[in-house]
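K.L.:
Can you read through this structure? Questions will come right after.
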Amino acid sequence: MGILSFFFGSIAVAPDRADWVRAEQFAAYIKTAPYAALATAINSALLTYAYWGESARSVLIVWSYSALLMACYLMINSMRRTASAVISERILNRIALHSGCVGIIWGVLFAVLLTSGDEQGRVLTGVVAAGMMCGGAFFLSVLPKASFAYITPMALGVVVGALGAGQSAFAAGAIMIVVYALLLQRGVTWLADSFVSGRIKAVALAESSDVISLLLHDFETHSSDWLWEIDADGHLNRVSKRFAEAVMRPRETLEGEHFLHFFDDAYAEQLQEMFDHQRPFRELIVPVEIAGERRWWSISARPQINEADELTGYRGVCSDVTDAKAAEAKIAYMAHYDALTKLPNRTTMTTALERAVERSKTAGEQFAVLCVDLDKFKSINDTLGHPAGDTLLRGVANRLIDCVGAHDVVARFGGDEFVVLKTRVEDIDEVEFLGDTIVDALLEPFDLNGQQAMISGSVGIAFAPKDGDSAEVLLKHADLALYRAKSNGRGRTQFFESSMDEEARKRMAVEHDLRRALYEGDELRLHFQPLVHAATTDVIGYEALLRWNRPNGDVVMPSDFIDVAEETGLIVPLGEWVIRQAIQEAAHWTHKANVAVNLSPIQMKNPALISTVVQALAATGLPPNRLELEITESVLMQETDANLKTLHALKDLGVQIALDDFGTGYSSLNYLRAFPFDKIKIDKCFVEEMEVRNDCRAIIRAVMSLAVSLGMRVTAEGVENERQVELLTAEGCVEMQGYLYSRPIPCDQIAKSDAVASVIAVPADTLKRSIKRLA
Ligand code: C2E
Ligand code: CA
Ligand code: CA
């Protein structure tokens with residue numbers, strides 16, 4: 001404790017409170033000031049009376065008396081001036097100054113009276129001095145500075161006077177006075193400190209009670225919550241207006257009603273248990289029935305205990321959380337169900353699968369995961385619109401539900417992807433039967449808002465526990481089986497086989513490496529295989545065939561990577577590269593042979609295809625009619641209109657269009673009428689078997705005659721021996737391609753090839769003539 005705080009107090013007052021505290025101090029001082037003035041006057045009068053008649057002293061007394069009056073005047077004056085003003089530090093300092101002045105006047109008086117007076121007078125002066133000091137300290141107890149300024153000169157006056165009297169008893173009295181003065185001032189400091197801290201506490205309390213009442217008011221007016229109160233027996237007390245509104249009943253009918261009557265038995269019991277154990281509780285969510293409607297309340301409360309430690313009841317808040325609860329339920333629903341079909345979603349299916357896996361491990365249950373995918377969903381969406389697509393998906397969902405048993409689960413994973421979990425399987429035949437049932441069910445026509453639509457679906461099946469021991473693996477395997485089902489021709493069922501895993505891994509590796517080969521490596525090459533005029537063995541053109549030379553020296557054939565490139569979309573940049581490269585090579589050929597480039601159906605969908613072709617032709621100056629683009633029938637099967645538009649645009653450029661692999665797949669002579677092809681390429685499978693199978697020859701004959709009547713050229717692919725040449729020539733086929741003439745060769749061998757003497761593009765009318773001749 002510092003010397004200053006010993007004399008003047010140690011309570012630190014926050015700046016924003018200081019004015020207020022000073023005002024309180026000032027008010028307390030003003031209250032006592034008149035009594036102080038009165039006491040001073042009485043003391044002055046007593047002393048005047050006691051020393052009356054002693055001339056020198058009388059002058060002194062008159063002086064001190066008038067000085068006293070002046071001090072009183074100053075005090076009253078300062079009171080008047082400051083009564084209603086803000087009390088600054090300066091005003092308190094002025095009070096201290098006045099008190100100091102009064103103290104000095106008295107101190108001087110005491111000193112004079114004590115030095116010069118007789119024994120009796122000294123005793124009287126001592127008594128008055130002690131009384132004045134104590135009284136002053138009492139009246140100035142809230143203002144330690146003023147009290148210090150007042151007491152100190154008085155004490156000094158007494159000390160000086162007592163020492164001046166020259167008696168040892170007075171010296172002892174002087175020491176006592178000093179000790180009293182110190183104690184008095186210390187007492188004042190204590191009183192002042194406790195006054196100030198008391199006032200500060202009072203302010204804080206007043207403020208906080210203001211805040212509480214403000215908050216309560218706000219709660220009552222703005223909050224949707226309400227307060228409730230029950231007695232020790234659970235009966236409602238002082239029912240609030242809002243509570244009455246919440247239960248939709250008049251307030252007076254609620255008073256005294258048992259609180260638990262609002263709740264179902266189970267919840268009432270739960271609450272009763274809280275009450276019995278006098279437990280506080282927070283945000284207990286309970287249902288209530290109000291006007292026939294089920295609502296949800298969130299209740300919080302704490303027990304009320306009296307001084308005798310007895311429960312007097314409960315008090316708390318309550319709010320209606322029905323909307324929040326509904327939103328929560330909706331979110332929970334959305335997290336687990338598909339909004340369109342109302343089927344469980346992937347999350348729910350995964351959980352169901354995990355349970356099935358668990359049962360399979362513990363109870364040996366067999367089950368199956370069936371991945372179902374619609375084969376032509378996208379085209380339905382594109383042609384009939386999304387509302388029709390949505391109707392179709394709902395229809396599919398219903399049919400799938402009809403196909404499965406009560407313990408099975410049907411889920412939609414998004415798009416046209418559905419997954420069925422068949423549980424409790426005794427025999428794998430049941431699964432196969434279900435797969436076939438689903439395929440058949442999907443083949444039935446759908447009624448889409450008045451329009452009939454035919455689709456088909458493929459099913460991939462994983463059988464557990466044989467094909468996997470986790471939900472993830474089973475789904476992956478069923479998906480691989482589905483992939484195989486689709487690539488095997490759609491509308492079919494396929495069980496998972498372990499080899500599919502290995503294939504999938506290979507596919508991923510191929511994709512990764514192919515991407516690198518395309519964008520970073522120099523690993524792609526074009527080989528060219530000549531198309532030959534059978535009679536003259538002149539080369540008419542070359543077909544560009546892609547080769548992938550891997551860094552390890554392996555040469556990968558297209559059959560091993562074109563599929564992956566198509567699945568991943570890599571075929572688009574890959575195909576562009578082939579187009580540019582083939583055209584660039586052909587532009588260098590001195591013999592002016594045609595160049596044929598294979599186009600994937602995926603490339604046909606790419607809007608940049610035409611500009612790629614145009615740019616490549618323009619950049620090299622290759623005449624468009626030297627470029628042949630080979631497409632397969634599948635191009636005419638999907639998105640026919642858009643693809644036909646692209647084909648016409650290419651043909652308008654002067655580019656020739658060939659129908660490749662004719663006779664495989666869905667082969668229909670109708671495709672030949674769909675577009676004015678420049679050429680048909682008869683697939684090698686017919687050529688291969690034409691020596692032994694008459695039907696193959698018949699087909700070739702039919703194609704030849706149709707081509708002639710439509711003005712199209714024909715190339716036979718896969719010609720490997722002279723006998724085939726003979727038979728094909730007999731059918732009127734002139735252009736041939738096959739190992740008999742040449743395998744595909746790297747481009748640098750083309751220019752050197754002596755086989756290429758001259759090049760004749762055989763016009764259609766020459767062809768017609770030669771066929772007539774043969775017939
Ligand atoms: P494709 O268009 O039918 O090409 C002819 C395929 O038959 C070539 O196989 C060729 O080497 C092979 N071939 C030629 N003569 C004979 C023969 O006498 N006997 C037998 N058995 N085969 C013969 P390749 O080069 O493996 O190409 C396979 C397929 O890959 C091509 O079939 C084509 O569909 C596709 N392909 C190749 N290059 C490209 C390309 O750049 N883009 C696209 N989209 N597909 C390509
Ligand atoms: Ca081809
Ligand atoms: Ca072909």
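Residues in the structure tokens are numbered from 1 in each chain, the chains being A, B, ... in the order shown, and ligands are numbered from 1 in the order shown.
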Which residues, written as a VMD selection string, have at least one atom at most 12 Å from A:Glu119, with only C-alpha atoms counted and residues fewer than 6 positions away on the same chain left out?

P.N.:
chain A and resid 113 125 to 126 162 165 167 169 to 170

K.L.:
Can you pull out every residue with an atom within 6 Å of ligand 1? Use only C-alpha atoms and all ligand atoms and format it as a list in words.

P.N.:
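Those within range of ligand 1 are Leu545, Leu546, Met557, Pro558, Ser559, Gly575, Val578, Asn598, Leu599, Ser600, Asp661, Gly718, Val719, Glu720, Gln737, Gly738, Tyr739 and Pro744 of chain A.
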
K.L.:
Using only C-alpha atoms and all ligand atoms, find each residue with an atom at most 12 Å away from ligand 3 and format the answer as a ChimeraX atom specification.

P.N.:
/A:529,531,543-545,596-599,629-633,658-664,679-687,714-719,736-738

K.L.:
Since we have the selection now, will you write its residues out, keeping N, CA, C and O atoms, as a short mmCIF file (atom, residue, chain, number, x, y, z; two decimals), in the first residue's frame?

P.N.:
```
data_model
loop_
_atom_site.label_atom_id
_atom_site.label_comp_id
_atom_site.auth_asym_id
_atom_site.auth_seq_id
_atom_site.Cartn_x
_atom_site.Cartn_y
_atom_site.Cartn_z
N GLN A 529 -2.89 -48.95 -94.83
CA GLN A 529 -3.10 -50.21 -95.57
C GLN A 529 -3.74 -49.87 -96.93
O GLN A 529 -4.76 -49.17 -96.98
N LEU A 531 -5.77 -49.91 -100.40
CA LEU A 531 -7.00 -50.45 -101.02
C LEU A 531 -6.65 -50.59 -102.50
O LEU A 531 -6.18 -49.63 -103.13
N GLU A 543 -5.95 -46.82 -96.09
CA GLU A 543 -6.71 -46.58 -94.87
C GLU A 543 -5.72 -46.32 -93.73
O GLU A 543 -4.77 -47.10 -93.53
N ALA A 544 -5.93 -45.23 -93.01
CA ALA A 544 -5.06 -44.90 -91.88
C ALA A 544 -5.49 -45.70 -90.66
O ALA A 544 -6.66 -45.67 -90.28
N LEU A 545 -4.57 -46.46 -90.10
CA LEU A 545 -4.87 -47.28 -88.91
C LEU A 545 -3.88 -46.93 -87.81
O LEU A 545 -2.68 -46.87 -88.02
N ALA A 596 -8.13 -42.87 -96.24
CA ALA A 596 -9.36 -43.17 -95.49
C ALA A 596 -9.06 -43.06 -93.99
O ALA A 596 -8.04 -43.57 -93.53
N VAL A 597 -9.96 -42.37 -93.27
CA VAL A 597 -9.79 -42.19 -91.83
C VAL A 597 -11.03 -42.73 -91.12
O VAL A 597 -12.15 -42.45 -91.54
N ASN A 598 -10.81 -43.52 -90.07
CA ASN A 598 -11.94 -44.06 -89.30
C ASN A 598 -12.45 -43.03 -88.30
O ASN A 598 -11.67 -42.38 -87.61
N LEU A 599 -13.77 -42.91 -88.23
CA LEU A 599 -14.39 -41.97 -87.29
C LEU A 599 -15.20 -42.74 -86.27
O LEU A 599 -16.03 -43.58 -86.63
N LEU A 629 -14.00 -40.61 -95.14
CA LEU A 629 -14.24 -40.83 -93.71
C LEU A 629 -15.07 -42.09 -93.56
O LEU A 629 -16.12 -42.22 -94.20
N GLU A 630 -14.58 -43.02 -92.73
CA GLU A 630 -15.30 -44.28 -92.56
C GLU A 630 -16.09 -44.24 -91.25
O GLU A 630 -15.52 -44.01 -90.18
N ILE A 631 -17.39 -44.44 -91.39
CA ILE A 631 -18.22 -44.52 -90.19
C ILE A 631 -18.89 -45.89 -90.14
O ILE A 631 -18.96 -46.58 -91.15
N THR A 632 -19.38 -46.27 -88.96
CA THR A 632 -20.08 -47.55 -88.85
C THR A 632 -21.58 -47.31 -88.70
O THR A 632 -22.00 -46.18 -88.45
N GLU A 633 -22.32 -48.39 -88.84
CA GLU A 633 -23.77 -48.27 -88.75
C GLU A 633 -24.24 -47.64 -87.44
O GLU A 633 -25.28 -46.98 -87.42
N ALA A 658 -17.73 -43.30 -96.24
CA ALA A 658 -17.84 -44.74 -96.45
C ALA A 658 -18.53 -45.38 -95.25
O ALA A 658 -18.34 -44.95 -94.12
N LEU A 659 -19.34 -46.40 -95.55
CA LEU A 659 -19.98 -47.16 -94.46
C LEU A 659 -19.10 -48.39 -94.20
O LEU A 659 -18.99 -49.27 -95.05
N ASP A 660 -18.49 -48.40 -93.01
CA ASP A 660 -17.48 -49.41 -92.67
C ASP A 660 -18.13 -50.64 -92.04
O ASP A 660 -19.24 -50.56 -91.52
N ASP A 661 -17.45 -51.76 -92.08
CA ASP A 661 -17.85 -52.99 -91.39
C ASP A 661 -19.28 -53.39 -91.72
O ASP A 661 -20.00 -53.91 -90.86
N PHE A 662 -19.69 -53.17 -92.96
CA PHE A 662 -21.08 -53.47 -93.27
C PHE A 662 -21.35 -54.97 -93.16
O PHE A 662 -20.57 -55.78 -93.61
N GLY A 663 -22.47 -55.27 -92.54
CA GLY A 663 -22.83 -56.68 -92.39
C GLY A 663 -22.66 -57.16 -90.96
O GLY A 663 -23.18 -58.19 -90.56
N THR A 664 -22.00 -56.39 -90.12
CA THR A 664 -21.85 -56.78 -88.70
C THR A 664 -22.92 -56.05 -87.89
O THR A 664 -23.57 -55.14 -88.35
N LYS A 679 -19.32 -45.11 -100.48
CA LYS A 679 -18.73 -46.44 -100.52
C LYS A 679 -19.28 -47.30 -99.38
O LYS A 679 -19.62 -46.79 -98.31
N ILE A 680 -19.33 -48.62 -99.67
CA ILE A 680 -19.66 -49.58 -98.61
C ILE A 680 -18.46 -50.49 -98.46
O ILE A 680 -17.89 -50.94 -99.47
N LYS A 681 -18.08 -50.71 -97.18
CA LYS A 681 -16.99 -51.67 -96.96
C LYS A 681 -17.57 -52.93 -96.35
O LYS A 681 -18.10 -52.90 -95.23
N ILE A 682 -17.51 -54.04 -97.13
CA ILE A 682 -18.06 -55.30 -96.64
C ILE A 682 -17.10 -55.87 -95.60
O ILE A 682 -15.90 -56.00 -95.85
N ASP A 683 -17.66 -56.21 -94.46
CA ASP A 683 -16.81 -56.62 -93.35
C ASP A 683 -16.06 -57.91 -93.66
O ASP A 683 -16.54 -58.78 -94.38
N LYS A 684 -14.89 -58.01 -93.03
CA LYS A 684 -14.02 -59.15 -93.33
C LYS A 684 -14.61 -60.49 -92.93
O LYS A 684 -14.25 -61.53 -93.47
N CYS A 685 -15.58 -60.50 -92.00
CA CYS A 685 -16.15 -61.79 -91.58
C CYS A 685 -16.89 -62.48 -92.73
O CYS A 685 -16.91 -63.70 -92.82
N PHE A 686 -17.46 -61.66 -93.64
CA PHE A 686 -18.16 -62.27 -94.80
C PHE A 686 -17.15 -62.82 -95.79
O PHE A 686 -17.31 -63.91 -96.34
N VAL A 687 -16.09 -62.04 -95.97
CA VAL A 687 -15.07 -62.45 -96.93
C VAL A 687 -14.41 -63.75 -96.45
O VAL A 687 -14.20 -64.68 -97.22
N VAL A 714 -17.93 -50.36 -103.71
CA VAL A 714 -17.85 -51.38 -102.65
C VAL A 714 -16.39 -51.81 -102.47
O VAL A 714 -15.69 -52.02 -103.45
N THR A 715 -15.96 -51.92 -101.22
CA THR A 715 -14.64 -52.47 -100.93
C THR A 715 -14.84 -53.72 -100.09
O THR A 715 -15.62 -53.69 -99.14
N ALA A 716 -14.15 -54.78 -100.46
CA ALA A 716 -14.19 -55.98 -99.62
C ALA A 716 -12.97 -55.95 -98.72
O ALA A 716 -11.85 -55.75 -99.18
N GLU A 717 -13.23 -56.12 -97.42
CA GLU A 717 -12.14 -56.07 -96.46
C GLU A 717 -11.66 -57.48 -96.11
O GLU A 717 -12.41 -58.44 -96.24
N GLY A 718 -10.44 -57.57 -95.67
CA GLY A 718 -9.92 -58.85 -95.14
C GLY A 718 -9.67 -59.89 -96.21
O GLY A 718 -9.83 -61.10 -95.96
N VAL A 719 -9.27 -59.43 -97.38
CA VAL A 719 -8.99 -60.39 -98.45
C VAL A 719 -7.59 -60.97 -98.22
O VAL A 719 -6.61 -60.23 -98.16
N MET A 736 -10.41 -54.03 -103.28
CA MET A 736 -10.15 -54.98 -102.22
C MET A 736 -9.06 -54.47 -101.28
O MET A 736 -8.19 -53.70 -101.67
N GLN A 737 -9.14 -54.97 -100.05
CA GLN A 737 -8.19 -54.56 -99.02
C GLN A 737 -7.92 -55.79 -98.18
O GLN A 737 -8.85 -56.50 -97.81
N GLY A 738 -6.67 -56.09 -97.97
CA GLY A 738 -6.38 -57.26 -97.14
C GLY A 738 -4.92 -57.62 -97.17
O GLY A 738 -4.13 -57.05 -97.93
#
```

K.L.:
Find the residues around A:Glu576 up to 10 Å (only C-alpha atoms counted), leave out those fewer than 5 positions away in its own chain, and share them as a list in words.

P.N.:
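Residues meeting the cut-off are Ile571, Gln581, Ala582, Leu599, Gln603, Ala608, Leu609, Thr612, Val613 and Ala616 of chain A.
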
K.L.:
Kindly export the residues of the current selection with all heavy atoms, as a PDB file, in the first residue's frame.

P.N.:
```pdb
ATOM      1  N   ILE A 571     -11.130 -40.304 -77.191  1.00  0.00           N
ATOM      2  CA  ILE A 571     -11.185 -40.536 -78.630  1.00  0.00           C
ATOM      3  C   ILE A 571     -11.283 -39.222 -79.406  1.00  0.00           C
ATOM      4  O   ILE A 571     -10.837 -39.139 -80.544  1.00  0.00           O
ATOM      5  CB  ILE A 571     -12.372 -41.478 -78.989  1.00  0.00           C
ATOM      6  CG1 ILE A 571     -12.303 -41.965 -80.438  1.00  0.00           C
ATOM      7  CG2 ILE A 571     -13.699 -40.770 -78.767  1.00  0.00           C
ATOM      8  CD1 ILE A 571     -11.182 -42.925 -80.709  1.00  0.00           C
ATOM      9  N   GLN A 581      -3.031 -35.823 -88.901  1.00  0.00           N
ATOM     10  CA  GLN A 581      -1.838 -36.572 -89.286  1.00  0.00           C
ATOM     11  C   GLN A 581      -2.043 -37.257 -90.640  1.00  0.00           C
ATOM     12  O   GLN A 581      -1.173 -37.183 -91.517  1.00  0.00           O
ATOM     13  CB  GLN A 581      -1.554 -37.612 -88.194  1.00  0.00           C
ATOM     14  CG  GLN A 581      -0.189 -38.228 -88.230  1.00  0.00           C
ATOM     15  CD  GLN A 581       0.896 -37.213 -87.883  1.00  0.00           C
ATOM     16  OE1 GLN A 581       0.618 -36.179 -87.280  1.00  0.00           O
ATOM     17  NE2 GLN A 581       2.113 -37.482 -88.331  1.00  0.00           N
ATOM     18  N   ALA A 582      -3.196 -37.916 -90.810  1.00  0.00           N
ATOM     19  CA  ALA A 582      -3.467 -38.664 -92.047  1.00  0.00           C
ATOM     20  C   ALA A 582      -3.524 -37.704 -93.230  1.00  0.00           C
ATOM     21  O   ALA A 582      -2.965 -37.985 -94.306  1.00  0.00           O
ATOM     22  CB  ALA A 582      -4.782 -39.430 -91.907  1.00  0.00           C
ATOM     23  N   LEU A 599     -13.773 -42.906 -88.232  1.00  0.00           N
ATOM     24  CA  LEU A 599     -14.389 -41.969 -87.285  1.00  0.00           C
ATOM     25  C   LEU A 599     -15.203 -42.738 -86.266  1.00  0.00           C
ATOM     26  O   LEU A 599     -16.026 -43.578 -86.630  1.00  0.00           O
ATOM     27  CB  LEU A 599     -15.342 -41.020 -88.010  1.00  0.00           C
ATOM     28  CG  LEU A 599     -14.796 -39.793 -88.720  1.00  0.00           C
ATOM     29  CD1 LEU A 599     -15.968 -38.906 -89.124  1.00  0.00           C
ATOM     30  CD2 LEU A 599     -13.839 -39.022 -87.826  1.00  0.00           C
ATOM     31  N   GLN A 603     -16.865 -39.201 -81.899  1.00  0.00           N
ATOM     32  CA  GLN A 603     -16.331 -38.041 -82.615  1.00  0.00           C
ATOM     33  C   GLN A 603     -17.418 -37.326 -83.392  1.00  0.00           C
ATOM     34  O   GLN A 603     -17.381 -36.112 -83.540  1.00  0.00           O
ATOM     35  CB  GLN A 603     -15.256 -38.493 -83.617  1.00  0.00           C
ATOM     36  CG  GLN A 603     -13.914 -38.723 -83.005  1.00  0.00           C
ATOM     37  CD  GLN A 603     -12.967 -39.280 -84.044  1.00  0.00           C
ATOM     38  OE1 GLN A 603     -12.965 -40.485 -84.297  1.00  0.00           O
ATOM     39  NE2 GLN A 603     -12.192 -38.408 -84.659  1.00  0.00           N
ATOM     40  N   ALA A 608     -16.808 -29.835 -82.952  1.00  0.00           N
ATOM     41  CA  ALA A 608     -15.591 -29.305 -83.584  1.00  0.00           C
ATOM     42  C   ALA A 608     -15.105 -30.174 -84.736  1.00  0.00           C
ATOM     43  O   ALA A 608     -14.140 -29.816 -85.416  1.00  0.00           O
ATOM     44  CB  ALA A 608     -14.497 -29.169 -82.538  1.00  0.00           C
ATOM     45  N   LEU A 609     -15.802 -31.322 -84.962  1.00  0.00           N
ATOM     46  CA  LEU A 609     -15.310 -32.252 -85.983  1.00  0.00           C
ATOM     47  C   LEU A 609     -15.148 -31.586 -87.349  1.00  0.00           C
ATOM     48  O   LEU A 609     -14.104 -31.694 -87.997  1.00  0.00           O
ATOM     49  CB  LEU A 609     -16.257 -33.455 -86.078  1.00  0.00           C
ATOM     50  CG  LEU A 609     -15.967 -34.420 -87.219  1.00  0.00           C
ATOM     51  CD1 LEU A 609     -14.630 -35.126 -86.999  1.00  0.00           C
ATOM     52  CD2 LEU A 609     -17.083 -35.445 -87.377  1.00  0.00           C
ATOM     53  N   THR A 612     -12.327 -29.201 -87.603  1.00  0.00           N
ATOM     54  CA  THR A 612     -11.036 -29.905 -87.609  1.00  0.00           C
ATOM     55  C   THR A 612     -10.696 -30.370 -89.017  1.00  0.00           C
ATOM     56  O   THR A 612      -9.572 -30.196 -89.502  1.00  0.00           O
ATOM     57  CB  THR A 612     -11.090 -31.127 -86.666  1.00  0.00           C
ATOM     58  OG1 THR A 612     -11.527 -30.701 -85.385  1.00  0.00           O
ATOM     59  CG2 THR A 612      -9.746 -31.808 -86.551  1.00  0.00           C
ATOM     60  N   VAL A 613     -11.713 -30.981 -89.672  1.00  0.00           N
ATOM     61  CA  VAL A 613     -11.496 -31.485 -91.028  1.00  0.00           C
ATOM     62  C   VAL A 613     -11.164 -30.328 -91.969  1.00  0.00           C
ATOM     63  O   VAL A 613     -10.190 -30.383 -92.743  1.00  0.00           O
ATOM     64  CB  VAL A 613     -12.745 -32.249 -91.527  1.00  0.00           C
ATOM     65  CG1 VAL A 613     -12.627 -32.612 -93.001  1.00  0.00           C
ATOM     66  CG2 VAL A 613     -12.971 -33.500 -90.683  1.00  0.00           C
ATOM     67  N   ALA A 616      -7.680 -28.963 -91.379  1.00  0.00           N
ATOM     68  CA  ALA A 616      -6.625 -29.876 -91.831  1.00  0.00           C
ATOM     69  C   ALA A 616      -6.504 -29.852 -93.348  1.00  0.00           C
ATOM     70  O   ALA A 616      -5.395 -29.844 -93.896  1.00  0.00           O
ATOM     71  CB  ALA A 616      -6.903 -31.286 -91.325  1.00  0.00           C
TER      72      ALA A 616
END
```

K.L.:
Which residues, written as a ChimeraX atom specification, have at least one atom at most 8 Å from stretch 566-570 of chain A, with only C-alpha atoms counted and residues fewer than 3 positions away on the same chain left out?

P.N.:
/A:511,515,562-563,573-574,600,602

K.L.:
Could you give me, as a PyMOL selection string, each residue of stretch 514-658 of chain A that DSSP assigns to alpha helix (DSSP H) when run on this structure's backbone?

P.N.:
chain A and resi 514-519+562-568+571-588+601-604+609-620+634-637+640-652

K.L.:
How would the residues just chosen look if you wrote them out with C-alpha atoms as a PDB file, in the first residue's frame?

P.N.:
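Output (again_27.pdb):
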```pdb
ATOM      1  CA  LEU A 514      -3.008 -43.346 -73.371  1.00  0.00           C
ATOM      2  CA  ARG A 515      -3.585 -39.901 -71.953  1.00  0.00           C
ATOM      3  CA  ARG A 516       0.119 -39.535 -71.417  1.00  0.00           C
ATOM      4  CA  ALA A 517       0.876 -40.910 -74.901  1.00  0.00           C
ATOM      5  CA  LEU A 518      -1.492 -38.398 -76.437  1.00  0.00           C
ATOM      6  CA  TYR A 519      -0.449 -35.291 -74.566  1.00  0.00           C
ATOM      7  CA  ILE A 562     -10.073 -47.611 -78.969  1.00  0.00           C
ATOM      8  CA  ASP A 563     -12.832 -48.832 -76.597  1.00  0.00           C
ATOM      9  CA  VAL A 564     -11.171 -47.208 -73.602  1.00  0.00           C
ATOM     10  CA  ALA A 565     -10.594 -44.022 -75.582  1.00  0.00           C
ATOM     11  CA  GLU A 566     -14.287 -43.965 -76.485  1.00  0.00           C
ATOM     12  CA  GLU A 567     -15.435 -44.588 -72.921  1.00  0.00           C
ATOM     13  CA  THR A 568     -13.259 -41.852 -71.544  1.00  0.00           C
ATOM     14  CA  ILE A 571     -11.185 -40.536 -78.630  1.00  0.00           C
ATOM     15  CA  VAL A 572     -12.030 -36.930 -79.480  1.00  0.00           C
ATOM     16  CA  PRO A 573      -8.511 -35.454 -79.193  1.00  0.00           C
ATOM     17  CA  LEU A 574      -7.082 -38.771 -80.405  1.00  0.00           C
ATOM     18  CA  GLY A 575      -9.327 -38.740 -83.479  1.00  0.00           C
ATOM     19  CA  GLU A 576      -8.419 -35.134 -84.215  1.00  0.00           C
ATOM     20  CA  TRP A 577      -4.778 -36.075 -84.160  1.00  0.00           C
ATOM     21  CA  VAL A 578      -5.465 -38.937 -86.619  1.00  0.00           C
ATOM     22  CA  ILE A 579      -7.385 -36.663 -88.981  1.00  0.00           C
ATOM     23  CA  ARG A 580      -4.626 -34.025 -89.040  1.00  0.00           C
ATOM     24  CA  GLN A 581      -1.838 -36.572 -89.286  1.00  0.00           C
ATOM     25  CA  ALA A 582      -3.467 -38.664 -92.047  1.00  0.00           C
ATOM     26  CA  ILE A 583      -4.313 -35.615 -94.145  1.00  0.00           C
ATOM     27  CA  GLN A 584      -0.833 -34.226 -93.682  1.00  0.00           C
ATOM     28  CA  GLU A 585       0.744 -37.505 -94.836  1.00  0.00           C
ATOM     29  CA  ALA A 586      -1.583 -37.868 -97.800  1.00  0.00           C
ATOM     30  CA  ALA A 587      -0.776 -34.368 -98.953  1.00  0.00           C
ATOM     31  CA  HIS A 588       2.828 -35.528 -99.475  1.00  0.00           C
ATOM     32  CA  PRO A 601     -19.481 -42.357 -83.197  1.00  0.00           C
ATOM     33  CA  ILE A 602     -18.274 -40.284 -80.247  1.00  0.00           C
ATOM     34  CA  GLN A 603     -16.331 -38.041 -82.615  1.00  0.00           C
ATOM     35  CA  MET A 604     -19.479 -37.521 -84.664  1.00  0.00           C
ATOM     36  CA  LEU A 609     -15.310 -32.252 -85.983  1.00  0.00           C
ATOM     37  CA  ILE A 610     -16.192 -30.324 -89.134  1.00  0.00           C
ATOM     38  CA  SER A 611     -13.855 -27.445 -88.364  1.00  0.00           C
ATOM     39  CA  THR A 612     -11.036 -29.905 -87.609  1.00  0.00           C
ATOM     40  CA  VAL A 613     -11.496 -31.485 -91.028  1.00  0.00           C
ATOM     41  CA  VAL A 614     -11.761 -28.110 -92.789  1.00  0.00           C
ATOM     42  CA  GLN A 615      -8.666 -26.761 -91.043  1.00  0.00           C
ATOM     43  CA  ALA A 616      -6.625 -29.876 -91.831  1.00  0.00           C
ATOM     44  CA  LEU A 617      -7.610 -29.766 -95.496  1.00  0.00           C
ATOM     45  CA  ALA A 618      -6.959 -26.036 -95.732  1.00  0.00           C
ATOM     46  CA  ALA A 619      -3.598 -26.311 -93.987  1.00  0.00           C
ATOM     47  CA  THR A 620      -2.316 -28.997 -96.362  1.00  0.00           C
ATOM     48  CA  SER A 634     -23.937 -47.354 -85.089  1.00  0.00           C
ATOM     49  CA  VAL A 635     -23.577 -43.709 -86.117  1.00  0.00           C
ATOM     50  CA  LEU A 636     -26.915 -44.015 -87.876  1.00  0.00           C
ATOM     51  CA  MET A 637     -28.541 -45.697 -84.913  1.00  0.00           C
ATOM     52  CA  THR A 640     -29.708 -40.012 -86.093  1.00  0.00           C
ATOM     53  CA  ASP A 641     -30.804 -36.508 -87.003  1.00  0.00           C
ATOM     54  CA  ALA A 642     -27.780 -34.737 -85.610  1.00  0.00           C
ATOM     55  CA  ASN A 643     -25.402 -37.283 -87.096  1.00  0.00           C
ATOM     56  CA  LEU A 644     -27.036 -37.144 -90.516  1.00  0.00           C
ATOM     57  CA  LYS A 645     -26.657 -33.376 -90.425  1.00  0.00           C
ATOM     58  CA  THR A 646     -22.951 -33.704 -89.707  1.00  0.00           C
ATOM     59  CA  LEU A 647     -22.542 -36.317 -92.448  1.00  0.00           C
ATOM     60  CA  HIS A 648     -24.262 -34.054 -94.976  1.00  0.00           C
ATOM     61  CA  ALA A 649     -22.102 -31.136 -93.945  1.00  0.00           C
ATOM     62  CA  LEU A 650     -18.977 -33.260 -94.462  1.00  0.00           C
ATOM     63  CA  LYS A 651     -20.230 -34.523 -97.787  1.00  0.00           C
ATOM     64  CA  ASP A 652     -20.968 -30.952 -98.829  1.00  0.00           C
TER      65      ASP A 652
END
```

K.L.:
Fewer than 3 positions away in the same chain doesn't count, so skip those; otherwise give me all residues within 8 Å of A:Glu89, counting only C-alpha atoms, as a PyMOL selection string.

P.N.:
chain A and resi 22+92-93
